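Visitor: Provided herewith: data-v6.tsv, TSV, C-alpha atoms.
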chain	number	residue	atom	x	y	z
A	209	MET	CA	0.00	0.00	0.00
A	210	THR	CA	2.80	2.38	0.87
A	211	PHE	CA	4.50	1.82	-2.45
A	212	ALA	CA	1.30	2.20	-4.43
A	213	ALA	CA	0.44	5.41	-2.58
A	214	LEU	CA	3.85	6.86	-3.39
A	215	ALA	CA	3.84	5.76	-7.02
A	216	ASP	CA	1.94	8.94	-7.94
A	217	PRO	CA	3.98	12.15	-8.49
A	218	THR	CA	1.29	14.42	-6.98
A	219	ARG	CA	1.25	12.37	-3.82
A	220	ARG	CA	5.04	12.40	-3.63
A	221	ALA	CA	4.92	16.21	-3.99
A	222	ILE	CA	2.38	16.38	-1.18
A	223	MET	CA	4.64	14.22	0.98
A	224	GLU	CA	7.53	16.53	0.21
A	225	ARG	CA	5.50	19.58	1.21
A	226	LEU	CA	4.45	17.91	4.45
A	227	ARG	CA	8.06	17.24	5.35
A	228	THR	CA	8.39	20.95	6.08
A	229	GLY	CA	5.46	20.82	8.50
A	230	GLU	CA	1.74	20.20	8.66
A	231	ALA	CA	-0.56	21.88	6.14
A	232	THR	CA	-4.24	22.25	5.39
A	233	LEU	CA	-5.94	20.99	2.26
A	234	ALA	CA	-6.12	24.53	0.87
A	235	GLU	CA	-2.40	25.05	1.42
A	236	LEU	CA	-1.55	21.72	-0.12
A	237	ALA	CA	-3.76	22.31	-3.16
A	238	GLU	CA	-2.37	25.74	-3.94
A	239	PRO	CA	0.70	24.82	-6.00
A	240	PHE	CA	-1.17	22.23	-8.08
A	241	ASP	CA	-2.98	22.87	-11.32
A	242	MET	CA	-5.90	20.72	-10.20
A	243	SER	CA	-9.04	21.08	-8.18
A	244	VAL	CA	-9.04	21.08	-4.39
A	245	GLN	CA	-11.30	18.04	-4.65
A	246	ALA	CA	-8.67	16.15	-6.65
A	247	VAL	CA	-6.00	16.98	-4.08
A	248	ALA	CA	-8.41	15.88	-1.33
A	249	LEU	CA	-8.64	12.47	-3.03
A	250	HIS	CA	-4.84	12.18	-3.09
A	251	LEU	CA	-4.79	13.05	0.61
A	252	LYS	CA	-7.32	10.32	1.24
A	253	VAL	CA	-5.08	7.76	-0.46
A	254	LEU	CA	-2.11	8.88	1.61
A	255	GLU	CA	-4.18	8.76	4.77
A	256	ARG	CA	-5.54	5.29	4.03
A	257	SER	CA	-2.02	4.02	3.40
A	258	GLY	CA	-0.99	5.30	6.82
A	259	LEU	CA	1.58	7.69	5.36
A	260	ILE	CA	-0.13	10.79	6.78
A	261	THR	CA	-2.54	11.60	9.56
A	262	ARG	CA	-5.17	14.37	9.60
A	263	GLY	CA	-5.77	16.63	12.58
A	264	ARG	CA	-9.11	16.83	14.34
A	265	VAL	CA	-9.67	20.57	13.93
A	266	ALA	CA	-13.00	20.39	12.09
A	267	GLN	CA	-12.54	23.19	9.58
A	268	THR	CA	-8.97	22.63	8.45
A	269	ARG	CA	-7.88	19.12	9.49
A	270	PRO	CA	-4.20	19.82	8.90
A	271	ALA	CA	-2.29	16.89	7.40
A	272	ARG	CA	1.05	15.68	8.67
A	273	ILE	CA	3.44	12.85	7.92
A	274	ALA	CA	3.14	9.63	9.86
A	275	SER	CA	6.63	8.25	9.90
A	276	ALA	CA	6.29	4.56	10.68
A	277	PRO	CA	5.06	3.08	7.35
A	278	LEU	CA	7.56	5.13	5.40
A	279	ASP	CA	10.33	3.82	7.60
A	280	ASN	CA	9.26	0.28	6.87
A	281	ALA	CA	9.15	0.88	3.13
A	282	VAL	CA	12.58	2.46	3.15
A	283	LYS	CA	13.96	-0.29	5.34
A	284	TRP	CA	12.92	-2.85	2.77
A	285	LEU	CA	14.53	-0.84	0.02
A	286	LEU	CA	17.79	-0.60	1.86
A	287	ARG	CA	17.68	-4.28	2.54
A	288	TYR	CA	17.23	-5.36	-1.07
A	289	ARG	CA	20.93	-5.48	-1.79
A	290	GLU	CA	21.86	-6.41	1.76
A	291	PHE	CA	19.37	-9.26	1.51
A	292	TRP	CA	20.96	-10.86	-1.53
A	293	GLU	CA	24.55	-10.17	-0.62
A	294	GLY	CA	24.12	-11.73	2.80
A	295	SER	CA	22.22	-14.65	1.32
A	296	PHE	CA	24.75	-15.32	-1.41
A	297	GLU	CA	27.69	-15.28	0.97
A	298	ARG	CA	26.01	-17.94	3.00
A	299	LEU	CA	24.92	-19.88	-0.08
A	300	ASP	CA	28.56	-19.98	-1.26
A	301	GLY	CA	29.65	-21.68	1.94
A	302	TYR	CA	26.63	-23.92	2.08
A	303	LEU	CA	27.08	-25.20	-1.50
A	304	GLU	CA	30.71	-25.95	-0.68
A	305	ASP	CA	29.68	-27.94	2.40
A	306	LEU	CA	27.08	-29.87	0.42
A	307	GLN	CA	29.60	-30.85	-2.24
A	308	GLN	CA	32.21	-31.87	0.32
A	309	ASP	CA	29.65	-34.02	2.10
A	310	ALA	CA	28.67	-35.61	-1.21
A	311	GLY	CA	32.31	-36.28	-2.06
A	312	ALA	CA	33.05	-37.77	1.37
A	313	SER	CA	30.13	-40.19	1.41
B	259	MET	CA	27.77	-9.54	-7.53
B	260	GLU	CA	26.42	-7.33	-10.31
B	261	PHE	CA	23.34	-5.14	-9.90
B	262	LEU	CA	21.60	-3.32	-12.72
B	263	ALA	CA	18.65	-0.93	-12.70
B	264	PRO	CA	18.01	0.48	-16.20
B	265	HIS	CA	16.47	3.95	-16.26
B	266	ASP	CA	13.80	3.13	-18.83
B	267	GLU	CA	12.55	-0.26	-17.64
B	268	PRO	CA	11.02	-1.03	-14.19
B	269	ILE	CA	13.35	-3.90	-13.36
B	270	ILE	CA	16.27	-4.78	-11.13
B	271	VAL	CA	18.70	-7.40	-12.37
B	272	PHE	CA	21.42	-9.17	-10.43
B	273	ARG	CA	23.98	-11.71	-11.53
B	274	ARG	CA	26.13	-13.94	-9.37
B	275	THR	CA	28.22	-17.06	-10.06
B	276	PHE	CA	28.39	-20.03	-7.72
B	277	ASN	CA	30.95	-22.77	-7.65
B	278	ALA	CA	28.45	-25.63	-7.98
B	279	PRO	CA	26.42	-27.38	-10.68
B	280	ALA	CA	23.01	-26.01	-11.63
B	281	GLN	CA	21.12	-29.01	-10.18
B	282	LEU	CA	22.53	-28.26	-6.76
B	283	VAL	CA	22.05	-24.48	-6.95
B	284	PHE	CA	18.46	-24.96	-8.10
B	285	ALA	CA	17.80	-27.37	-5.22
B	286	ALA	CA	19.35	-24.92	-2.76
B	287	TRP	CA	17.12	-22.21	-4.21
B	288	THR	CA	13.88	-24.10	-3.92
B	289	GLU	CA	13.99	-26.68	-1.09
B	290	PRO	CA	13.22	-25.62	2.50
B	291	ARG	CA	15.86	-27.96	3.97
B	292	HIS	CA	18.46	-25.98	1.99
B	293	LEU	CA	16.85	-22.55	2.09
B	294	ARG	CA	17.03	-22.40	5.89
B	295	HIS	CA	20.82	-22.45	5.65
B	296	TRP	CA	21.30	-19.41	3.51
B	297	ARG	CA	18.32	-17.26	2.57
B	298	GLY	CA	18.17	-13.85	4.19
B	299	PRO	CA	20.57	-11.04	5.03
B	300	ARG	CA	23.27	-11.34	7.67
B	301	GLY	CA	21.86	-11.63	11.15
B	302	PHE	CA	18.45	-12.76	9.90
B	303	GLU	CA	17.02	-16.19	10.54
B	304	LEU	CA	14.54	-17.94	8.27
B	305	VAL	CA	12.06	-19.01	10.95
B	306	ALA	CA	9.35	-20.33	8.62
B	307	CYS	CA	9.73	-21.64	5.10
B	308	GLU	CA	6.92	-23.26	3.15
B	309	VAL	CA	7.39	-24.24	-0.49
B	310	ASP	CA	4.93	-25.93	-2.81
B	311	LEU	CA	7.10	-26.18	-5.91
B	312	ARG	CA	4.45	-26.67	-8.56
B	313	VAL	CA	3.13	-24.28	-11.19
B	314	GLY	CA	0.35	-22.51	-9.34
B	315	GLY	CA	1.84	-23.56	-6.00
B	316	GLY	CA	3.10	-20.99	-3.57
B	317	TYR	CA	5.83	-20.19	-1.11
B	318	ARG	CA	6.00	-18.23	2.10
B	319	PHE	CA	9.13	-17.17	3.97
B	320	VAL	CA	9.25	-15.55	7.40
B	321	HIS	CA	12.53	-13.87	8.34
B	322	ARG	CA	13.33	-12.82	11.87
B	323	ALA	CA	15.48	-9.70	12.04
B	324	PRO	CA	18.09	-9.06	14.74
B	325	ASP	CA	15.62	-6.62	16.36
B	326	ASP	CA	13.15	-9.53	16.53
B	327	SER	CA	10.82	-8.00	13.90
B	328	ARG	CA	9.32	-10.43	11.40
B	329	HIS	CA	9.43	-9.90	7.63
B	330	VAL	CA	7.08	-12.06	5.60
B	331	PHE	CA	7.33	-12.73	1.85
B	332	HIS	CA	5.08	-14.86	-0.28
B	333	GLY	CA	4.46	-15.63	-3.92
B	334	ARG	CA	3.26	-18.13	-6.51
B	335	TYR	CA	5.28	-20.21	-8.92
B	336	LEU	CA	4.39	-19.49	-12.54
B	337	GLU	CA	7.03	-21.43	-14.48
B	338	ILE	CA	9.39	-24.16	-13.32
B	339	GLU	CA	12.12	-25.61	-15.54
B	340	ARG	CA	14.44	-27.57	-13.29
B	341	PRO	CA	17.31	-26.81	-13.06
B	342	SER	CA	17.54	-23.84	-15.39
B	343	ARG	CA	14.67	-21.43	-14.79
B	344	LEU	CA	12.14	-20.33	-12.19
B	345	VAL	CA	9.43	-17.68	-12.55
B	346	SER	CA	7.40	-16.56	-9.56
B	347	THR	CA	5.58	-13.63	-8.05
B	348	PHE	CA	7.02	-11.92	-4.99
B	349	VAL	CA	5.15	-9.89	-2.41
B	350	TYR	CA	6.50	-8.31	0.76
B	351	GLU	CA	3.55	-8.40	3.11
B	352	ALA	CA	4.34	-4.95	4.49
B	353	ALA	CA	3.76	-3.59	0.95
B	354	PRO	CA	1.15	-6.04	-0.32
B	355	GLU	CA	-0.04	-3.97	-3.28
B	356	THR	CA	3.28	-4.16	-5.05
B	357	GLU	CA	3.54	-7.56	-6.69
B	358	VAL	CA	6.94	-8.15	-8.20
B	359	LEU	CA	7.53	-10.68	-10.98
B	360	ASP	CA	10.75	-12.61	-10.35
B	361	GLU	CA	12.54	-14.60	-13.03
B	362	VAL	CA	15.66	-16.52	-12.05
B	363	THR	CA	17.83	-18.40	-14.52
B	364	PHE	CA	20.60	-20.86	-13.69
B	365	ASP	CA	23.25	-21.26	-16.39
B	366	GLU	CA	25.83	-23.96	-15.76
B	367	ASP	CA	29.22	-23.77	-17.42
B	368	GLY	CA	31.95	-26.23	-16.49
B	369	GLY	CA	30.67	-26.94	-12.99
B	370	THR	CA	29.95	-23.32	-12.07
B	371	THR	CA	26.50	-21.79	-12.28
B	372	ALA	CA	25.65	-18.21	-13.13
B	373	VAL	CA	22.43	-17.13	-11.44
B	374	THR	CA	20.60	-14.19	-13.00
B	375	GLY	CA	17.67	-12.71	-11.16
B	376	ARG	CA	15.30	-10.27	-12.80
B	377	SER	CA	12.68	-8.51	-10.69
B	378	ALA	CA	9.98	-6.69	-12.67
B	379	PHE	CA	8.02	-4.01	-10.83
B	380	PRO	CA	4.50	-2.81	-11.74
B	381	THR	CA	5.78	0.65	-12.67
B	382	LEU	CA	9.01	2.59	-13.01
B	383	GLN	CA	7.85	4.67	-10.05
B	384	ALA	CA	7.50	1.62	-7.83
B	385	ARG	CA	10.96	0.44	-8.86
B	386	ASP	CA	12.49	3.88	-8.54
B	387	LEU	CA	11.12	4.19	-5.07
B	388	TYR	CA	13.60	1.45	-4.25
B	389	LEU	CA	16.45	2.98	-6.08
B	390	SER	CA	16.13	6.72	-6.36
B	391	GLY	CA	14.40	8.18	-3.39
B	392	GLY	CA	17.11	10.78	-3.88
B	393	ALA	CA	15.90	11.75	-7.32
B	394	GLU	CA	12.33	12.15	-6.15
B	395	ARG	CA	13.12	14.06	-2.96
B	396	GLY	CA	10.33	13.98	-0.41
B	397	LEU	CA	11.88	11.08	1.37
B	398	ALA	CA	14.66	13.36	2.46
B	399	GLU	CA	15.30	11.80	5.81
B	400	SER	CA	16.52	8.73	4.01
B	401	HIS	CA	18.30	10.57	1.21
B	402	HIS	CA	21.81	9.91	2.29
B	403	ARG	CA	21.22	6.25	2.88
B	404	LEU	CA	19.35	5.98	-0.41
B	405	ASP	CA	22.05	7.83	-2.29
B	406	GLU	CA	24.60	5.44	-0.90
B	407	LEU	CA	22.41	2.56	-1.92
B	408	LEU	CA	21.89	3.96	-5.41
B	409	GLY	CA	25.61	4.42	-5.76
B	410	THR	CA	26.28	0.83	-4.94
B	411	LEU	CA	23.38	-0.46	-7.01
B	412	VAL	CA	24.41	1.17	-10.23
B	413	SER	CA	28.16	0.87	-9.80
Can you present the structure in this file as structure tokens?

Guide:
Amino acid sequence: MTFAALADPTRRAIMERLRTGEATLAELAEPFDMSVQAVALHLKVLERSGLITRGRVAQTRPARIASAPLDNAVKWLLRYREFWEGSFERLDGYLEDLQQDAGAS
Amino acid sequence: MEFLAPHDEPIIVFRRTFNAPAQLVFAAWTEPRHLRHWRGPRGFELVACEVDLRVGGGYRFVHRAPDDSRHVFHGRYLEIERPSRLVSTFVYEAAPETEVLDEVTFDEDGGTTAVTGRSAFPTLQARDLYLSGGAERGLAESHHRLDELLGTLVS
């Protein structure tokens, strides 16, 4: 969900804006050449994915970044290479052991 | 190990050679009794490993991280050509909407086996989120780490 939510450039731009602090829908919509309603839909996607939270102030409901899901997504990314390098090092040794065992028996 | 992430195609490719025949590498790649010994990054333990190696069958791996968090991956096997080729889907359960298509080939040459893995992402954006958080800014807190990663991935 996190990855799908961030696959859209408008939503990434919103996330970038929110990095500088919380913002209302009107503030977030301002730089975009699209309706406030369209931006509201993007906010809804980000909120559903857990990437942002909305405040409870009825009129403005300022949006802000929720850090945990992003951290998880980034952690996976960073681990992609680490994952295979660590695995392959172990696989090297394991394949060697297997072949030695086969040769010895 | 070689890593490749072309700018115009949503894929990541890696290539690595092992000093063993393809039959053995393929078995190590697909059988739980072998997988437990090697799959996962350093410090991680494969605490659950279920494999139903049939076309349409599935797999599920649970890795335990050093911080005791669990990372679960699952997928379905789409094509199986023992010992030379394996096509499957790949889903990280923390990001379940991104289904990756994995194709792994095993090419034996004189007792060594070159393994080529090709991971195809739904979109360039989904792939680039892995590789170029730096280019897209907005994930700035992780920029430096991502830049480092990108540097190593494309080098």

Visitor: Output as JSON, numbers by chain the set of chain B residues within 6 Å of chain A, with distances taken over all atoms listed in the file.

Guide: {"B": [296, 297, 298, 299, 300, 353, 355, 383, 384, 388, 396]}

Visitor: With a distance cut-off of 8 Å and all atoms listed in the file, select the neighbouring residues of Glu366 of chain B, excluding the residue or stretch itself and same-chain residues fewer than 4 positions from it, and output the selection as JSON, numbers by chain.

Guide: {"B": [279, 280, 370, 371, 372]}

Visitor: Counting all atoms listed in the file, find the residues whose atoms lie at most 12 Å from (15.3, -27.6, -19.5) (file coordinates) and write them out as a list in words.

Guide: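 Within 12 Å of (15.3, -27.6, -19.5), the protein and nucleic acid residues are Ala280, Gln281, Glu337, Ile338, Glu339, Arg340, Pro341, Ser342, Arg343, Leu344, Thr363, Phe364, Asp365 and Glu366 of chain B.
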
Visitor: If you measure from atom CA of Thr288 of chain B to atom CA of Val313 of chain B, what distance in Å do you get, rounded to one decimal?

Guide: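 Going from atom CA of Thr288 of chain B over to atom CA of Val313 of chain B covers 13.0 Å.
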
Visitor: Would you mind telling me which residue in B:Ala278, B:Val271, B:Val373, B:Val330 lies nearest to Glu303 of chain B when using all atoms listed in the file?

Guide: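 Under the stated criterion, the closest residue is B:Val330.
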
Visitor: Taking into account all atoms listed in the file, which residue in the set B:Val358, B:Phe348, B:Asp367, B:Leu304 is nearest to Pro268 of chain B?

Guide: B:Val358

Visitor: As AutoDock Vina command-line options, please report the centre and edge lengths, rounded to one decimal in Å, of the axis-aligned box that holds all listed atoms of segment 348-364 of chain B with 5 Å of padding on each of the six sides.

Guide:
--center_x 10.3 --center_y -12.2 --center_z -5.0 --size_x 30.6 --size_y 27.3 --size_z 29.0

Visitor: Can you pull out the residues contacting Gly258 of chain A? Cut-off 7 Å, using only C-alpha atoms, and skip same-chain residues under 2 positions away; I want them as a list in words.

Guide: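 Here the qualifying residues turn out to be Leu254, Glu255, Arg256, Ile260, Ala274 and Pro277 of chain A.
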
Visitor: Which residue out of B:Phe284, B:Tyr335, B:Phe379, B:Phe319 has the minimum interatomic distance to Thr356 of chain B when all atoms listed in the file are used?

Guide: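 Checking each candidate against Thr356 of chain B, we get B:Phe379 as the closest.
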
Visitor: One decimal, in Å: what's the spacing between atom CA of Gly315 of chain B and atom CA of Val345 of chain B?

Guide: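 About the pair atom CA of Gly315 of chain B and atom CA of Val345 of chain B: they are 11.6 Å apart.
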
Visitor: Could you please determine the separation between atom CA of Pro380 of chain B and atom CA of Phe261 of chain B in Å, to one decimal place?

Guide: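 About the pair atom CA of Pro380 of chain B and atom CA of Phe261 of chain B: they are 19.1 Å apart.
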
Visitor: I need the residue nearest Leu359 of chain B from this list: B:Leu336, B:Leu311, B:Leu293, B:Leu282. Use all atoms listed in the file for the distance.

Guide: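 The answer is B:Leu336, which sits nearest to Leu359 of chain B.
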
Visitor: Near segment 243-247 of chain A, within 9 Å and counting all atoms listed in the file, which residues show up once chain neighbours fewer than 2 positions away are dropped, as a PDB file with C-alpha atoms, in the frame of the given file?

Guide:
ATOM      1  CA  THR A 218       1.290  14.420  -6.980  1.00  0.00           C
ATOM      2  CA  ARG A 219       1.250  12.370  -3.820  1.00  0.00           C
ATOM      3  CA  ILE A 222       2.380  16.380  -1.180  1.00  0.00           C
ATOM      4  CA  LEU A 233      -5.940  20.990   2.260  1.00  0.00           C
ATOM      5  CA  ALA A 234      -6.120  24.530   0.870  1.00  0.00           C
ATOM      6  CA  LEU A 236      -1.550  21.720  -0.120  1.00  0.00           C
ATOM      7  CA  ALA A 237      -3.760  22.310  -3.160  1.00  0.00           C
ATOM      8  CA  GLU A 238      -2.370  25.740  -3.940  1.00  0.00           C
ATOM      9  CA  PHE A 240      -1.170  22.230  -8.080  1.00  0.00           C
ATOM     10  CA  ASP A 241      -2.980  22.870 -11.320  1.00  0.00           C
ATOM     11  CA  LEU A 249      -8.640  12.470  -3.030  1.00  0.00           C
ATOM     12  CA  HIS A 250      -4.840  12.180  -3.090  1.00  0.00           C
ATOM     13  CA  LEU A 251      -4.790  13.050   0.610  1.00  0.00           C
ATOM     14  CA  LYS A 252      -7.320  10.320   1.240  1.00  0.00           C
TER      15      LYS A 252
END
